[in-house]
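Have a look at the structure below before the remarks.
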Amino acid sequence: RNCLGNEFRKETFFLVLAQYEDSDAGNGQNIDKGRFDEMLETLVADRYLETSDGVIYRFVHDKIQESAMALNDEGDISVEDIEANIFVVANLRKNATSASSEIAELNLRAAGKSSSLCDELALELYSIGAETECTLGNFEKADEYCKVVTESNNIPLDQKARAYFVQISTHQALGRLKVSLDLALDIANQLGCTV
């Protein structure tokens, strides 16, 4: 369901915010009207909301409303929620009119996650490539893909298992049983197993 353009009245938003601010007291009477108006002006200036008359507002992007509606009962967004949606959060914030260190930090976190995802994708692609080439009998190409994975210092040993398995299988298929056994023993040794 697309929520783009959904509207709400200023008074309704004020009541919701007042209830959130004074959830312990439950009366909503202590919220500062000036602060509320300032917050709305900021949301409009940063293009999260639009208004033509200052009474009725609308979300300018469906993801903003989805994020607002996803707040739990306490109104908190956990670090896990932000991390899980870091690309959406960073994209929404970059469209804001004001620049800040918060936007830069969000973009940095998104870039870090993107880099991590690229590394995982590259590992998966090289592993699949090695398995495919080995299955097709293209052992030299399979070995090239395996070496990219196994010779990388940035990949933990347990994540190299598929590439090592292909290397062992390749050596076996080529009749190099001693080489295959030596490789398997070396991997076991790296894992702390003694044979």
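Identifiers in this document derive from the order of the structure tokens: chains are assigned A, B, ..., residues are numbered from 1 separately in each chain, and ligands are numbered from 1 in order of occurrence.
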
Close residues, region 178-191 of chain A itself excluded, 8 Å, only C-alpha atoms, min 4 positions apart in chain, as a tab-separated table (two decimals) with C-alpha atoms, in the first residue's frame:
chain	number	residue	atom	x	y	z
A	157	LEU	CA	38.87	-18.89	7.44
A	167	GLN	CA	40.23	-26.83	-4.40
A	168	ILE	CA	40.22	-30.22	-2.66
A	169	SER	CA	37.66	-31.56	-5.17
A	171	HIS	CA	42.87	-31.93	-6.87
A	172	GLN	CA	40.95	-35.18	-6.41
A	195	VAL	CA	45.68	-35.06	13.14

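The two atoms in question, CA of Leu125 (chain A) and CA of Val149 (chain A), are spaced 10.1 Å apart.
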
Notebook entry, point to check: Quick one: distance from CA of Leu117 (chain A) to CA of Ala142 (chain A) in Å, one decimal?
Noted result: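 About the pair CA of Leu117 (chain A) and CA of Ala142 (chain A): they are 23.2 Å apart.
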
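Interatomic distance, CA of Ile56 (chain A) to CA of Leu40 (chain A): 11.2 Å.
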
Next item on the list: Compile the contact shell of Pro156 (chain A) as a list in words: residues with an atom at most 12 Å away, counting only C-alpha atoms, same-chain residues fewer than 3 positions apart removed.
Entry: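 Counting only the stated atoms, we get Asp119, Glu120, Leu123, Val149, Thr150, Glu151, Ser152, Asn153, Gln159, Lys160, Ala161, Gln190 and Leu191 of chain A.
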